[in-house]
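Take a look at the structure set out below.
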Amino acid sequence: MSNAPSNRIRRVLVANRGEIAIRIQRACRELGLEVVQVYSDADRDSVAVQNADYAVRIGPPRSGDSYLRGDLIVEAAQALRADAIHPGYGFLSENAEFAALCEHNGLTFIGPSSSAIATMGNKASARAVARSAGVPITPGSSGTVADIGAARRVATELGFPIILKSVAGGGGRGMRVVEREEDLEAHFNAAMREALAAFGDGAMYVERYLVNIRHVEIQVLSDGETVLHLGERDCSSQRRNQKLVEESPSPGLSPQMREAMGTAAVKLCRHVGYHSAGTIECIVDPAQQTFYFMEMNTRIQVEHPVSECVTGIDIVKEQIRIAQGHSLQLTQDDIALRGHAIECRINAEDPTHGFAPSPGLITELRLPGGPGVRVDTHVHSGYRVPPYYDSLLAKLICWGRDRDEALARMARALSELRLAGISTTAPFLSRLIASDAFQRGNVHTRFVEQFIEESTT
Amino acid sequence: MPDPSDVTSFQDVLKLIELIKSSSNFSEIRLRTGNVEVELRRHGASRILDDTSPASSQPTPAIEPRPAAAAPQSAPAPATAPQAAPARKPIQAKEGAQIVKSPMVGTAYRAPDPGALPFVSVGQTVRAGQQLCIVEVMKLMNAITADNDGVIDEILFDDAASVQHEQPLFVISPH
């Protein structure tokens, strides 16, 4: 705290809901900042609203009428004299126009600049940036492919299978794996339509489709001068591109690979003049011991506590301190990964019915605790899970001196969790982490889907 | 320690009251300072609650209808009294008509995208398996389809309305 902040922040508006709103509020409190919480009608009685210094209703439940209304949120910040807005994840967190709107209205957007979001948020331009920074990218088109003809040329050159991706994509939408050339045209058209509908941008690019890969991401912190990497998170356990379990360190990374990926992530951040917390997502091919840049997330991520547990660094607080104009007080040598951390996402979904959403009333809730257990949640007994937002109920994070201890604690913590009234993914996660493959750390991005297939046949 | 100007004062409360009076966007603000918790709501601003939490026992002003864009019947009904949901005229289903109900609580959309043409309209002939609408729940889009061939007699929900489990959405009569 020795350096004087160049940007005075007294009051932060939290432009999000659920567990991340509470997480941001906690960081604000510890930094002595006041909190303005915006809410939709569905979140009127939420813990985040109850705990805030100020809370202001911004609209009806649908996020398009509330949490995505950047104009209203900026107006609320000005009316309640907030000096900064924390967007959390999802909603407006990676919306360059919203960041610009904050900038134009003299509000500090707690995140990178609108131009950095615009550059890194478009997947094709992010690939181009990575390439010019000398960071390896998956073999594929050098930019977007204008039409099916261009897609066919690139795909034939790469060899099938290939993956079609939307430049604006996320959550698996606008994405198609194409195994054979004869399927290319149909998939290309379908993916483009889907991307156009979901993101208003139908631009596509092509990459070689790699199998038996891990999804490993590097957490970075940058004040614009000092760029640090906080090690990796292995997020290979996904279902339909939605992460279920994350851990750090990755069981599939050698110290040399970790070092090379961290260095590349820092290089990329420097290249774009990145400023804030961020994540560089990579594909790792364990057999070849190679990695490729996939995309950058210019926000705090759901799974950030995993890195907090192994580094001892409060990433949300650091992110806010950077926005206040503080310099990072750490150097890369100060950062060491200690022990092992695993996160399980407890979602309101029914794993016995194809993970169907399960909103409704939580009639009973008992959370796990004890050594090495952290729970980030906004739910409580008597809480009604609204149908309007994502299904995340709680993040259960367990730390251990080594992976075995972290795994044992996770199994123990999951067994302590009691949540009645709605279905959750907890029983499925118990079985998943107990599986032989997960115990051995031998997972890849299709592991969960294979596990589901095997356990249902 | 915050300097005295940081502390919420009576003056701030007055300013917030002015804000609520003058802004059409913010009808409801809460603030906490020390042990005092203040909730300000413009008279006539309706409360659309997502549940029947007994915790919300603050004095509630008369609830007046909201503009049509966000009709109050779009609010999910309390779980304890699902039958108290939208007060609509009774469904006049013809002999042999099928009533398509929402299989889940969520938000029902009549068109594939905002601004796009609706999937179906009244008087239209539909075939079994044809998509009638979308019910979104927790960001998952569920296609609702017709069970049998028929003609759309009635559409019982507004676009983007909140719907309950088993809430009737369409009346379809046989040809």
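Chain lettering (A, B, ...) mirrors the order of the structure tokens, residue numbering begins at 1 for each chain separately, and ligand numbering begins at 1 in order of display.
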
Select all residues from chain A having any atom no more than 6 Å from an atom of chain B (counting only C-alpha atoms, ignoring ligands), output as a ChimeraX atom specification. /A:41-42,53-57,387-391

Write the residues you've just listed into a file as a PDB file, in the first residue's frame, and include N, CA and C atoms for each of them.
ATOM      1  N   ASP A  41     -35.795  -7.688 -10.566  1.00  0.00           N
ATOM      2  CA  ASP A  41     -36.871  -8.109  -9.659  1.00  0.00           C
ATOM      3  C   ASP A  41     -36.650  -9.517  -9.112  1.00  0.00           C
ATOM      4  N   ALA A  42     -36.000 -10.364  -9.896  1.00  0.00           N
ATOM      5  CA  ALA A  42     -35.787 -11.744  -9.458  1.00  0.00           C
ATOM      6  C   ALA A  42     -34.781 -11.831  -8.313  1.00  0.00           C
ATOM      7  N   ASP A  53     -24.257  -1.494   0.518  1.00  0.00           N
ATOM      8  CA  ASP A  53     -24.551  -0.205   1.134  1.00  0.00           C
ATOM      9  C   ASP A  53     -25.733   0.446   0.429  1.00  0.00           C
ATOM     10  N   TYR A  54     -25.755   0.310  -0.889  1.00  0.00           N
ATOM     11  CA  TYR A  54     -26.850   0.832  -1.680  1.00  0.00           C
ATOM     12  C   TYR A  54     -27.259  -0.268  -2.646  1.00  0.00           C
ATOM     13  N   ALA A  55     -28.545  -0.367  -2.886  1.00  0.00           N
ATOM     14  CA  ALA A  55     -28.996  -1.315  -3.897  1.00  0.00           C
ATOM     15  C   ALA A  55     -30.026  -0.611  -4.750  1.00  0.00           C
ATOM     16  N   VAL A  56     -29.946  -0.817  -6.038  1.00  0.00           N
ATOM     17  CA  VAL A  56     -30.899  -0.145  -6.910  1.00  0.00           C
ATOM     18  C   VAL A  56     -31.457  -1.115  -7.935  1.00  0.00           C
ATOM     19  N   ARG A  57     -32.775  -1.078  -8.052  1.00  0.00           N
ATOM     20  CA  ARG A  57     -33.457  -1.944  -9.002  1.00  0.00           C
ATOM     21  C   ARG A  57     -33.246  -1.403 -10.417  1.00  0.00           C
ATOM     22  N   PRO A 387     -35.396 -19.065 -12.712  1.00  0.00           N
ATOM     23  CA  PRO A 387     -35.133 -19.747 -13.978  1.00  0.00           C
ATOM     24  C   PRO A 387     -34.447 -18.858 -15.015  1.00  0.00           C
ATOM     25  N   TYR A 388     -34.157 -17.603 -14.662  1.00  0.00           N
ATOM     26  CA  TYR A 388     -33.735 -16.645 -15.676  1.00  0.00           C
ATOM     27  C   TYR A 388     -32.237 -16.607 -15.947  1.00  0.00           C
ATOM     28  N   TYR A 389     -31.441 -17.139 -15.041  1.00  0.00           N
ATOM     29  CA  TYR A 389     -29.996 -16.947 -15.170  1.00  0.00           C
ATOM     30  C   TYR A 389     -29.293 -18.294 -15.240  1.00  0.00           C
ATOM     31  N   ASP A 390     -27.947 -18.286 -15.192  1.00  0.00           N
ATOM     32  CA  ASP A 390     -27.240 -19.558 -15.314  1.00  0.00           C
ATOM     33  C   ASP A 390     -27.468 -20.415 -14.073  1.00  0.00           C
ATOM     34  N   SER A 391     -27.052 -21.669 -14.168  1.00  0.00           N
ATOM     35  CA  SER A 391     -27.453 -22.647 -13.155  1.00  0.00           C
ATOM     36  C   SER A 391     -26.451 -22.784 -12.002  1.00  0.00           C
TER      37      SER A 391
END

For Glu95 in chain B, list every protein, DNA or RNA residue within 12 Å, evaluated using only C-alpha atoms, and leave out those in the same chain fewer than 5 positions away; present the list as an mmCIF file with C-alpha atoms, in the first residue's frame.
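Here's the written file selection_14.cif:
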data_model
loop_
_atom_site.group_PDB
_atom_site.id
_atom_site.type_symbol
_atom_site.label_atom_id
_atom_site.label_comp_id
_atom_site.auth_asym_id
_atom_site.auth_seq_id
_atom_site.Cartn_x
_atom_site.Cartn_y
_atom_site.Cartn_z
ATOM 1 C CA VAL B 171 -54.861 -24.583 -27.971
ATOM 2 C CA ILE B 172 -54.733 -26.665 -31.144
ATOM 3 C CA SER B 173 -57.922 -28.104 -32.615
ATOM 4 C CA PRO B 174 -57.981 -31.028 -35.026
ATOM 5 C CA HIS B 175 -58.528 -30.245 -38.700
#

Closest atom pairs, residues of range 203-263 of chain A within 10 Å of range 106-116 of chain A, only C-alpha atoms, as a tab-separated table:
residue	atom	partner	partner_atom	distance
A:Ser222	CA	A:Pro112	CA	9.5
A:Asp223	CA	A:Pro112	CA	9.7
A:Gly224	CA	A:Pro112	CA	9.7

So that I can see what lies close to range 302-314 of chain A, please list as a PyMOL selection string the residues with an atom at most 6 Å from it, counting only C-alpha atoms and leaving out residues fewer than 6 positions away in the same chain. chain A and resi 337-338+341

How would the residues just chosen look if you wrote them out with N, CA and C atoms as a short mmCIF file (atom, residue, chain, number, x, y, z; two decimals), in the first residue's frame?
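Result file is part07.cif:
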data_model
loop_
_atom_site.label_atom_id
_atom_site.label_comp_id
_atom_site.auth_asym_id
_atom_site.auth_seq_id
_atom_site.Cartn_x
_atom_site.Cartn_y
_atom_site.Cartn_z
N LEU A 337 3.43 -21.81 -6.66
CA LEU A 337 2.22 -22.62 -6.47
C LEU A 337 2.46 -23.52 -5.27
N ARG A 338 1.60 -23.39 -4.27
CA ARG A 338 1.75 -24.18 -3.06
C ARG A 338 0.59 -25.15 -2.97
N ALA A 341 -5.19 -27.35 -5.64
CA ALA A 341 -6.58 -26.94 -5.41
C ALA A 341 -7.47 -27.46 -6.53
#

May I ask which of the residues A:Ile422, A:Val216, A:Val266, A:Val373 is the closest one to Asp234 in chain A, counting only C-alpha atoms? A:Val216

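CA of Ala118 in chain A to CA of Thr138 in chain A spans 21.1 Å [interatomic distance, one decimal].
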
If we count only C-alpha atoms and set the cut-off at 9 Å, which residues sit around Ala195 in chain A, ignoring sequence neighbours fewer than 6 positions away in its own chain? Please answer as a VMD selection string. chain A and resid 165 to 169 173 to 175 201 to 204

Export, as a PDB file, in the first residue's frame, the selected residues with N, CA and C atoms.
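In the end it all went to part-v1.pdb:
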ATOM      1  N   LYS A 165     -15.267 -22.240 -36.042  1.00  0.00           N
ATOM      2  CA  LYS A 165     -15.571 -21.430 -34.860  1.00  0.00           C
ATOM      3  C   LYS A 165     -16.037 -20.046 -35.279  1.00  0.00           C
ATOM      4  N   SER A 166     -16.966 -19.523 -34.495  1.00  0.00           N
ATOM      5  CA  SER A 166     -17.432 -18.151 -34.696  1.00  0.00           C
ATOM      6  C   SER A 166     -16.449 -17.197 -34.033  1.00  0.00           C
ATOM      7  N   VAL A 167     -16.165 -16.065 -34.688  1.00  0.00           N
ATOM      8  CA  VAL A 167     -15.209 -15.104 -34.096  1.00  0.00           C
ATOM      9  C   VAL A 167     -15.752 -14.536 -32.790  1.00  0.00           C
ATOM     10  N   ALA A 168     -17.072 -14.529 -32.656  1.00  0.00           N
ATOM     11  CA  ALA A 168     -17.682 -13.932 -31.470  1.00  0.00           C
ATOM     12  C   ALA A 168     -18.117 -14.998 -30.477  1.00  0.00           C
ATOM     13  N   GLY A 169     -17.818 -16.251 -30.776  1.00  0.00           N
ATOM     14  CA  GLY A 169     -18.407 -17.388 -30.070  1.00  0.00           C
ATOM     15  C   GLY A 169     -18.114 -17.468 -28.591  1.00  0.00           C
ATOM     16  N   ARG A 173     -21.440 -22.225 -28.697  1.00  0.00           N
ATOM     17  CA  ARG A 173     -22.349 -21.863 -29.785  1.00  0.00           C
ATOM     18  C   ARG A 173     -21.556 -21.312 -30.970  1.00  0.00           C
ATOM     19  N   GLY A 174     -22.052 -21.599 -32.167  1.00  0.00           N
ATOM     20  CA  GLY A 174     -21.353 -21.176 -33.373  1.00  0.00           C
ATOM     21  C   GLY A 174     -20.099 -21.998 -33.606  1.00  0.00           C
ATOM     22  N   MET A 175     -20.094 -23.214 -33.067  1.00  0.00           N
ATOM     23  CA  MET A 175     -18.901 -24.065 -33.143  1.00  0.00           C
ATOM     24  C   MET A 175     -19.304 -25.430 -33.682  1.00  0.00           C
ATOM     25  N   ASP A 201     -23.076 -11.838 -35.255  1.00  0.00           N
ATOM     26  CA  ASP A 201     -21.880 -11.798 -36.087  1.00  0.00           C
ATOM     27  C   ASP A 201     -21.654 -13.209 -36.620  1.00  0.00           C
ATOM     28  N   GLY A 202     -21.753 -13.377 -37.923  1.00  0.00           N
ATOM     29  CA  GLY A 202     -21.651 -14.709 -38.495  1.00  0.00           C
ATOM     30  C   GLY A 202     -20.259 -15.050 -39.016  1.00  0.00           C
ATOM     31  N   ALA A 203     -19.264 -14.191 -38.723  1.00  0.00           N
ATOM     32  CA  ALA A 203     -17.914 -14.446 -39.246  1.00  0.00           C
ATOM     33  C   ALA A 203     -17.314 -15.704 -38.615  1.00  0.00           C
ATOM     34  N   MET A 204     -16.714 -16.550 -39.466  1.00  0.00           N
ATOM     35  CA  MET A 204     -16.195 -17.839 -39.015  1.00  0.00           C
ATOM     36  C   MET A 204     -14.715 -17.969 -39.322  1.00  0.00           C
TER      37      MET A 204
END

Just list the residues in range 9-253 of chain A DSSP gives helix (DSSP H, G or I) on the backbone, as a compact mmCIF listing (two decimals) with C-alpha atoms, in the first residue's frame.
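File part_39.txt, as written:
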# COMPACT_ATOMS: atom_id res chain seq x y z
CA GLY A 18 -25.22 -14.47 -7.77
CA GLU A 19 -22.04 -15.73 -6.20
CA ILE A 20 -19.72 -13.40 -8.10
CA ALA A 21 -21.58 -10.31 -6.84
CA ILE A 22 -20.91 -11.49 -3.30
CA ARG A 23 -17.28 -12.29 -4.15
CA ILE A 24 -16.74 -8.76 -5.52
CA GLN A 25 -18.46 -7.21 -2.52
CA ARG A 26 -16.12 -9.11 -0.20
CA ALA A 27 -13.09 -7.74 -2.01
CA CYS A 28 -14.54 -4.20 -1.86
CA ARG A 29 -15.18 -4.47 1.88
CA GLU A 30 -11.66 -5.62 2.58
CA ASP A 41 -36.87 -8.11 -9.66
CA ALA A 42 -35.79 -11.74 -9.46
CA ASP A 43 -32.88 -10.86 -7.15
CA VAL A 47 -27.87 -11.75 -0.14
CA ALA A 48 -25.91 -9.42 -2.45
CA VAL A 49 -28.72 -6.83 -2.21
CA GLN A 50 -29.01 -7.25 1.55
CA ASN A 51 -25.29 -6.82 2.12
CA SER A 63 -31.19 -10.07 -18.23
CA GLY A 64 -31.85 -8.21 -21.50
CA ASP A 65 -34.04 -5.85 -19.49
CA GLY A 70 -25.46 -0.89 -19.80
CA ASP A 71 -27.15 2.49 -20.17
CA LEU A 72 -29.20 2.00 -16.99
CA ILE A 73 -26.25 0.65 -15.07
CA VAL A 74 -24.12 3.68 -15.96
CA GLU A 75 -27.01 5.95 -15.01
CA ALA A 76 -27.38 4.14 -11.68
CA ALA A 77 -23.64 4.50 -11.01
CA GLN A 78 -23.81 8.22 -11.64
CA ALA A 79 -26.98 8.72 -9.63
CA ALA A 96 -16.22 -3.40 -25.32
CA GLU A 97 -19.05 -0.94 -25.92
CA PHE A 98 -20.04 -1.03 -22.28
CA ALA A 99 -16.43 -0.50 -21.17
CA ALA A 100 -16.28 2.47 -23.56
CA LEU A 101 -19.55 3.82 -22.18
CA CYS A 102 -18.05 3.73 -18.68
CA GLU A 103 -14.90 5.44 -19.92
CA HIS A 104 -16.90 8.20 -21.63
CA SER A 114 -12.40 -1.12 -24.17
CA SER A 115 -9.86 -1.43 -26.99
CA ALA A 116 -8.13 -4.41 -25.33
CA ILE A 117 -11.53 -6.08 -24.92
CA ALA A 118 -12.36 -5.42 -28.57
CA THR A 119 -9.02 -6.78 -29.78
CA MET A 120 -8.94 -9.90 -27.62
CA GLY A 121 -12.70 -10.53 -27.62
CA LYS A 123 -11.28 -14.64 -31.67
CA ALA A 124 -9.88 -14.12 -35.16
CA SER A 125 -8.15 -10.86 -34.25
CA ALA A 126 -6.90 -12.42 -30.98
CA ARG A 127 -5.29 -15.21 -33.04
CA ALA A 128 -3.64 -12.63 -35.25
CA VAL A 129 -2.32 -10.77 -32.18
CA ALA A 130 -1.01 -14.02 -30.68
CA ARG A 131 0.75 -14.87 -33.89
CA SER A 132 2.42 -11.48 -34.12
CA ILE A 148 -17.73 -21.97 -47.93
CA GLY A 149 -15.15 -21.92 -50.75
CA ALA A 150 -12.52 -20.32 -48.52
CA ALA A 151 -13.43 -22.68 -45.68
CA ARG A 152 -13.00 -25.68 -47.99
CA ARG A 153 -9.57 -24.51 -49.18
CA VAL A 154 -8.29 -24.07 -45.60
CA ALA A 155 -9.87 -27.32 -44.40
CA THR A 156 -8.39 -29.34 -47.25
CA GLU A 157 -4.97 -27.90 -46.55
CA LEU A 158 -5.22 -28.67 -42.81
CA GLU A 181 -15.33 -32.91 -46.29
CA GLU A 182 -18.82 -33.82 -47.50
CA ASP A 183 -20.29 -32.51 -44.22
CA LEU A 184 -18.44 -29.21 -44.39
CA GLU A 185 -20.99 -27.11 -46.23
CA ALA A 186 -23.95 -28.08 -44.04
CA HIS A 187 -21.96 -27.50 -40.83
CA PHE A 188 -20.56 -24.23 -42.12
CA ASN A 189 -24.03 -22.87 -42.86
CA ALA A 190 -25.50 -24.12 -39.59
CA ALA A 191 -22.67 -22.70 -37.47
CA MET A 192 -22.87 -19.36 -39.25
CA ARG A 193 -26.63 -19.12 -38.72
CA GLU A 194 -26.24 -20.05 -35.05
CA ALA A 195 -23.49 -17.47 -34.51
CA LEU A 196 -25.47 -14.80 -36.31
CA ALA A 197 -28.49 -15.47 -34.11
CA ALA A 198 -26.55 -15.71 -30.87
CA PHE A 199 -23.93 -13.00 -31.31

Interatomic distance, CA of Lys267 in chain A to CA of Leu244 in chain A (Å, one decimal):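 Straight-line distance from CA of Lys267 in chain A to CA of Leu244 in chain A works out to 29.2 Å.
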
So what do you get for CA of Glu295 in chain A versus CA of Ala277 in chain A, distance-wise?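 Between CA of Glu295 in chain A and CA of Ala277 in chain A the gap is 14.6 Å.
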
In range 235-432 of chain A, what's strand (DSSP E) per DSSP? Answer as a PyMOL selection string? chain A and resi 235-239+242-248+276-285+290-297+340-347+349-350+356-357+360-361+364-366+373-377+384-385+392-400+418-420

At a cut-off of 8 Å, using only C-alpha atoms, what residues contact Phe119 in chain B? Leave out same-chain residues fewer than 2 positions from it and give the result as a ChimeraX atom specification. /B:110-112,117,121,131-133

Can you write out the residues you just picked, keeping C-alpha atoms, as a PDB file, in the first residue's frame?
ATOM      1  CA  ARG B 110     -42.909 -16.925 -29.880  1.00  0.00           C
ATOM      2  CA  ALA B 111     -40.114 -16.315 -32.404  1.00  0.00           C
ATOM      3  CA  PRO B 112     -36.656 -17.830 -32.918  1.00  0.00           C
ATOM      4  CA  LEU B 117     -41.406 -13.868 -37.520  1.00  0.00           C
ATOM      5  CA  SER B 121     -49.869 -17.678 -35.457  1.00  0.00           C
ATOM      6  CA  GLN B 131     -41.970 -26.219 -33.398  1.00  0.00           C
ATOM      7  CA  LEU B 132     -44.445 -23.829 -31.761  1.00  0.00           C
ATOM      8  CA  CYS B 133     -42.270 -21.785 -29.431  1.00  0.00           C
TER       9      CYS B 133
END

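For the choices A:Arg8, A:Arg208, A:Arg214, A:Arg258, the atom-to-atom distance to Gly140 in chain A is smallest for A:Arg208 when using only C-alpha atoms.
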
Selection: 8 Å around range 425-432 of chain A, only C-alpha atoms, excl. self and same-chain fewer than 4 positions, as number ranges by chain: A: 344-351, 355, 411, 414-415, 438, 448, 451
